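Quick notes on the structure that follows.
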Amino acid sequence: CQFLKMMFPYCGKRTLVEYFARSGAYLSATTVGRRLKQIPRQDPFDPQASGFSTHPSRRVTARYPNHVWHVDLTTVPVGGGFWTSWFPHVLPQCWPFCWWVLVIVDHFSRKCIGFALFQGQPTSVAVIKALNKAIKRSGKPVHIINDKGCQFWTPKATCIGESRNHPYHVWARKKRIKLRFGAVGKHGSIAIVERFIRTLKYEGTRRIMVPLDFDGMRRELALIVNWYNLYRPHQSLNAQTPQEVHQRAPPRLPLQIMHNKDLPAMVAHVSYLEGRKHLPIIELKRAA
């Protein structure tokens, strides 16, 4: 525990528990916390995230991979960020001050199905093109959940009927995809994709020098997404990775541990995805 915490101080107790669970050692966060008390606590920047909540009458339960997708847009600032949100000190939300990123997340497995990179705020046509590529690669979902941004919703529309002629709605009807929308300003209405965006930034782009060239930025995002899908365990997935859940891989067998003193000696094998220090591949194995 102490070795992993010193190597990756931004990992919390629950994240360490998930890595132990992948090796068959199912520990509680309290147990891990007791073993970390000898390490000085570090407090890195921790942005707020949302929980999952939708209107009860429109709640959709994902029952299998590619049943429900979440789609959202976010900005990734370059260099000094956006400075302040007040004119005239604010920087425009476009390249070279930031990148726009579209992410598509499968609700059932939490897998990032795909992403698209833009130099400025994309149009509905650009978003539809990215979704068509994801559908061609992974299959068509039954439902898509997103917010009411201008790419998905007619401005000033008060109901879905008033957005019927929006290009995104027309495309969904042709594809026979059911749309669901998060409430404007409501905490947790699109929480699954917002949680992925938090990981993308907090454990990815905020730990590197964000590239200014399109190909370099796309390469870095692809590495973060691959690491997230293949190597990062999730508490909500019983310490499995999104790719394992998406492929319906069987869960790992737990070790027979009656007391904490029965925990065998473990050795941490740490490597990095293509040498990126912010993308660790951690494997815990029994000591020889």
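Residue numbers start at 1 in each chain; chains themselves are named A, B, ... in the order of the structure tokens; ligands are numbered from 1 in the order shown.
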- prompt: If you run DSSP on the backbone, which residues of region 15-178 of chain A are helix (DSSP H, G or I), as number ranges by chain?
  reply: A: 15-22, 29-35, 56-58, 124-138, 160-163, 167-175
Taking only C-alpha atoms into account, produce a table as a Markdown table in which each residue of region 179-273 of chain A with an atom at most 10 Å from an atom of region 155-173 of chain A appears once, together with its shortest atom pair and the distance in Å to one decimal, ordered by chain and rising number.
| residue | atom | partner | partner_atom | distance |
| --- | --- | --- | --- | --- |
| A:Leu179 | CA | A:Ala172 | CA | 7.3 |
| A:Arg180 | CA | A:Ile160 | CA | 9.7 |
| A:Phe181 | CA | A:Ile160 | CA | 9.2 |
Go through region 145-244 of chain A and flag each residue having an atom no more than 10 Å from region 85-97 of chain A; for those, report the closest pair of atoms plus their distance in Å to one decimal, using only C-alpha atoms, ordered by chain and rising number, as a Markdown table.
| residue | atom | partner | partner_atom | distance |
| --- | --- | --- | --- | --- |
| A:Pro211 | CA | A:Pro96 | CA | 9.8 |
| A:Leu212 | CA | A:Pro96 | CA | 6.7 |
| A:Asp213 | CA | A:Pro96 | CA | 9.0 |
| A:Phe214 | CA | A:Trp95 | CA | 9.8 |
The residue from A:Asn66, A:Leu73, A:Asn238, A:Gly81 with the smallest atom-to-atom distance to Ile135 (chain A), counting only C-alpha atoms, is A:Asn66
Review point. Hey, what's within 9 Å of Tyr231 (chain A) if we count only C-alpha atoms and toss same-chain stuff fewer than 6 positions away? As a PyMOL selection string, please?
Key: chain A and resi 240-243+279-282
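Counting only C-alpha atoms, the residue from A:Val78, A:His70, A:Lys111, A:Arg218 that sits nearest to Pro233 (chain A) is A:Lys111.
The residues of region 85-129 of chain A that DSSP classifies as strand (DSSP E or B), using the backbone of this structure, are Cys98, Trp99, Trp100, Val101, Leu102, Val103, Ile104, Val105, Asp106, Cys112, Ile113, Gly114, Phe115, Ala116, Leu117 and Phe118 of chain A.
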List the spatial neighbours of His269 (chain A) as number ranges by chain - criterion: any atom at most 12 Å away, only C-alpha atoms, same-chain residues fewer than 4 positions off excluded. A: 3-4, 7, 19, 23, 280-287
Using only all heavy atoms, please write the residues we just selected to a file, as a JSON list (two decimals), in the first residue's frame.
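Written out: selection06.json:
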[["chain", "number", "residue", "atom", "x", "y", "z"],
["A", 3, "PHE", "N", 3.98, 1.62, -0.87],
["A", 3, "PHE", "CA", 4.77, 1.76, -2.09],
["A", 3, "PHE", "C", 3.92, 2.38, -3.20],
["A", 3, "PHE", "O", 4.35, 3.32, -3.89],
["A", 3, "PHE", "CB", 5.30, 0.39, -2.53],
["A", 3, "PHE", "CG", 5.93, 0.40, -3.90],
["A", 3, "PHE", "CD1", 7.20, 0.91, -4.09],
["A", 3, "PHE", "CD2", 5.24, -0.11, -5.00],
["A", 3, "PHE", "CE1", 7.77, 0.92, -5.35],
["A", 3, "PHE", "CE2", 5.80, -0.11, -6.25],
["A", 3, "PHE", "CZ", 7.07, 0.40, -6.43],
["A", 4, "LEU", "N", 2.70, 1.88, -3.37],
["A", 4, "LEU", "CA", 1.83, 2.39, -4.42],
["A", 4, "LEU", "C", 1.45, 3.84, -4.15],
["A", 4, "LEU", "O", 1.35, 4.65, -5.07],
["A", 4, "LEU", "CB", 0.59, 1.53, -4.55],
["A", 4, "LEU", "CG", 0.81, 0.09, -5.06],
["A", 4, "LEU", "CD1", -0.51, -0.67, -5.07],
["A", 4, "LEU", "CD2", 1.42, 0.11, -6.45],
["A", 7, "MET", "N", 4.33, 6.04, -5.03],
["A", 7, "MET", "CA", 4.51, 6.11, -6.47],
["A", 7, "MET", "C", 3.43, 6.95, -7.13],
["A", 7, "MET", "O", 3.69, 7.72, -8.07],
["A", 7, "MET", "CB", 4.49, 4.69, -7.06],
["A", 7, "MET", "CG", 5.72, 3.86, -6.72],
["A", 7, "MET", "SD", 7.16, 4.36, -7.67],
["A", 7, "MET", "CE", 6.67, 3.87, -9.32],
["A", 19, "TYR", "N", -7.05, -2.12, -7.09],
["A", 19, "TYR", "CA", -5.87, -2.83, -7.59],
["A", 19, "TYR", "C", -5.61, -4.11, -6.79],
["A", 19, "TYR", "O", -5.24, -5.14, -7.36],
["A", 19, "TYR", "CB", -4.65, -1.91, -7.55],
["A", 19, "TYR", "CG", -4.60, -0.92, -8.68],
["A", 19, "TYR", "CD1", -4.73, 0.44, -8.44],
["A", 19, "TYR", "CD2", -4.44, -1.35, -9.99],
["A", 19, "TYR", "CE1", -4.69, 1.35, -9.49],
["A", 19, "TYR", "CE2", -4.40, -0.45, -11.04],
["A", 19, "TYR", "CZ", -4.52, 0.90, -10.78],
["A", 19, "TYR", "OH", -4.49, 1.80, -11.82],
["A", 23, "SER", "N", -5.98, -8.60, -7.86],
["A", 23, "SER", "CA", -5.06, -9.70, -7.56],
["A", 23, "SER", "C", -5.71, -10.74, -6.67],
["A", 23, "SER", "O", -5.05, -11.71, -6.28],
["A", 23, "SER", "CB", -3.80, -9.15, -6.89],
["A", 23, "SER", "OG", -4.11, -8.60, -5.62],
["A", 280, "PRO", "N", -0.03, 4.53, -15.39],
["A", 280, "PRO", "CA", 0.64, 3.34, -14.85],
["A", 280, "PRO", "C", -0.17, 2.07, -15.09],
["A", 280, "PRO", "O", -1.41, 2.08, -15.09],
["A", 280, "PRO", "CB", 0.72, 3.65, -13.35],
["A", 280, "PRO", "CG", -0.49, 4.50, -13.09],
["A", 280, "PRO", "CD", -0.65, 5.34, -14.34],
["A", 281, "ILE", "N", 0.54, 0.98, -15.30],
["A", 281, "ILE", "CA", -0.05, -0.37, -15.40],
["A", 281, "ILE", "C", 0.45, -1.13, -14.17],
["A", 281, "ILE", "O", 1.62, -1.51, -14.10],
["A", 281, "ILE", "CB", 0.36, -1.07, -16.70],
["A", 281, "ILE", "CG1", -0.05, -0.23, -17.90],
["A", 281, "ILE", "CG2", -0.27, -2.46, -16.77],
["A", 281, "ILE", "CD1", 0.45, -0.78, -19.23],
["A", 282, "ILE", "N", -0.44, -1.33, -13.20],
["A", 282, "ILE", "CA", -0.06, -1.89, -11.90],
["A", 282, "ILE", "C", -0.57, -3.32, -11.80],
["A", 282, "ILE", "O", -1.75, -3.59, -12.02],
["A", 282, "ILE", "CB", -0.60, -1.04, -10.75],
["A", 282, "ILE", "CG1", -0.11, 0.40, -10.87],
["A", 282, "ILE", "CG2", -0.23, -1.64, -9.40],
["A", 282, "ILE", "CD1", -0.73, 1.34, -9.86],
["A", 283, "GLU", "N", 0.32, -4.23, -11.46],
["A", 283, "GLU", "CA", -0.04, -5.63, -11.23],
["A", 283, "GLU", "C", 0.50, -6.06, -9.87],
["A", 283, "GLU", "O", 1.71, -5.88, -9.60],
["A", 283, "GLU", "CB", 0.52, -6.54, -12.32],
["A", 283, "GLU", "CG", -0.11, -6.32, -13.70],
["A", 283, "GLU", "CD", 0.47, -7.27, -14.74],
["A", 283, "GLU", "OE1", 1.65, -7.64, -14.62],
["A", 283, "GLU", "OE2", -0.26, -7.62, -15.65],
["A", 284, "LEU", "N", -0.35, -6.60, -9.01],
["A", 284, "LEU", "CA", 0.06, -7.09, -7.71],
["A", 284, "LEU", "C", 0.09, -8.61, -7.75],
["A", 284, "LEU", "O", -0.91, -9.26, -8.07],
["A", 284, "LEU", "CB", -0.93, -6.61, -6.63],
["A", 284, "LEU", "CG", -0.93, -5.09, -6.36],
["A", 284, "LEU", "CD1", -2.03, -4.74, -5.39],
["A", 284, "LEU", "CD2", 0.41, -4.65, -5.82],
["A", 285, "LYS", "N", 1.24, -9.18, -7.42],
["A", 285, "LYS", "CA", 1.42, -10.62, -7.45],
["A", 285, "LYS", "C", 2.01, -11.09, -6.13],
["A", 285, "LYS", "O", 2.66, -10.32, -5.41],
["A", 285, "LYS", "CB", 2.34, -11.03, -8.62],
["A", 285, "LYS", "CG", 1.78, -10.66, -10.00],
["A", 285, "LYS", "CD", 2.72, -11.09, -11.10],
["A", 285, "LYS", "CE", 2.17, -10.74, -12.46],
["A", 285, "LYS", "NZ", 3.09, -11.14, -13.56],
["A", 286, "ARG", "N", 1.80, -12.35, -5.82],
["A", 286, "ARG", "CA", 2.36, -12.91, -4.60],
["A", 286, "ARG", "C", 3.88, -12.94, -4.69],
["A", 286, "ARG", "O", 4.45, -13.26, -5.74],
["A", 286, "ARG", "CB", 1.86, -14.33, -4.38],
["A", 286, "ARG", "CG", 0.38, -14.41, -3.99],
["A", 286, "ARG", "CD", 0.04, -15.80, -3.52],
["A", 286, "ARG", "NE", -1.35, -15.92, -3.11],
["A", 286, "ARG", "CZ", -1.86, -16.98, -2.54],
["A", 286, "ARG", "NH1", -1.09, -18.04, -2.28],
["A", 286, "ARG", "NH2", -3.13, -17.00, -2.20],
["A", 287, "ALA", "N", 4.51, -12.59, -3.57],
["A", 287, "ALA", "CA", 5.96, -12.66, -3.52],
["A", 287, "ALA", "C", 6.43, -14.09, -3.61],
["A", 287, "ALA", "O", 5.80, -14.99, -3.05],
["A", 287, "ALA", "CB", 6.47, -11.99, -2.24]]
Mind checking which residues fall within 7 Å of Val32 (chain A), counting only C-alpha atoms, ignoring those fewer than 3 positions away in the same chain, and posting them as a ChimeraX atom specification?
/A:1,13,28-29,35-36
Create the file for the chosen residues now, containing N, CA, C and O atoms and written as a CSV table (one decimal), in the first residue's frame.
chain,number,residue,atom,x,y,z
A,1,CYS,N,0.8,-1.2,0.0
A,1,CYS,CA,0.0,0.0,0.0
A,1,CYS,C,0.9,1.3,0.0
A,1,CYS,O,0.6,2.2,-0.8
A,13,LYS,N,-7.8,5.8,-1.4
A,13,LYS,CA,-7.9,4.4,-0.8
A,13,LYS,C,-8.7,3.5,-1.7
A,13,LYS,O,-8.3,2.3,-1.8
A,28,SER,N,-10.8,-3.8,2.6
A,28,SER,CA,-11.7,-2.6,2.7
A,28,SER,C,-10.9,-1.3,2.7
A,28,SER,O,-9.7,-1.3,2.9
A,29,ALA,N,-11.6,-0.2,2.3
A,29,ALA,CA,-10.9,1.0,2.3
A,29,ALA,C,-10.3,1.4,3.7
A,29,ALA,O,-9.3,2.1,3.8
A,35,ARG,N,-3.1,1.4,6.8
A,35,ARG,CA,-1.7,1.1,6.4
A,35,ARG,C,-1.1,2.3,5.7
A,35,ARG,O,0.2,2.3,5.5
A,36,LEU,N,-1.8,3.3,5.4
A,36,LEU,CA,-1.3,4.6,4.8
A,36,LEU,C,-1.1,5.7,5.8
A,36,LEU,O,-0.6,6.8,5.4
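Note that CA of Gly120 (chain A) and CA of Val68 (chain A) are 27.2 Å apart.
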Here CA of Gly79 (chain A) and CA of Pro122 (chain A) stand apart by 21.5 Å
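Distances from A:Tyr202, A:Asn229, A:Val270, A:Leu263 to Thr31 (chain A) were compared using only C-alpha atoms, and the smallest one belongs to A:Leu263.
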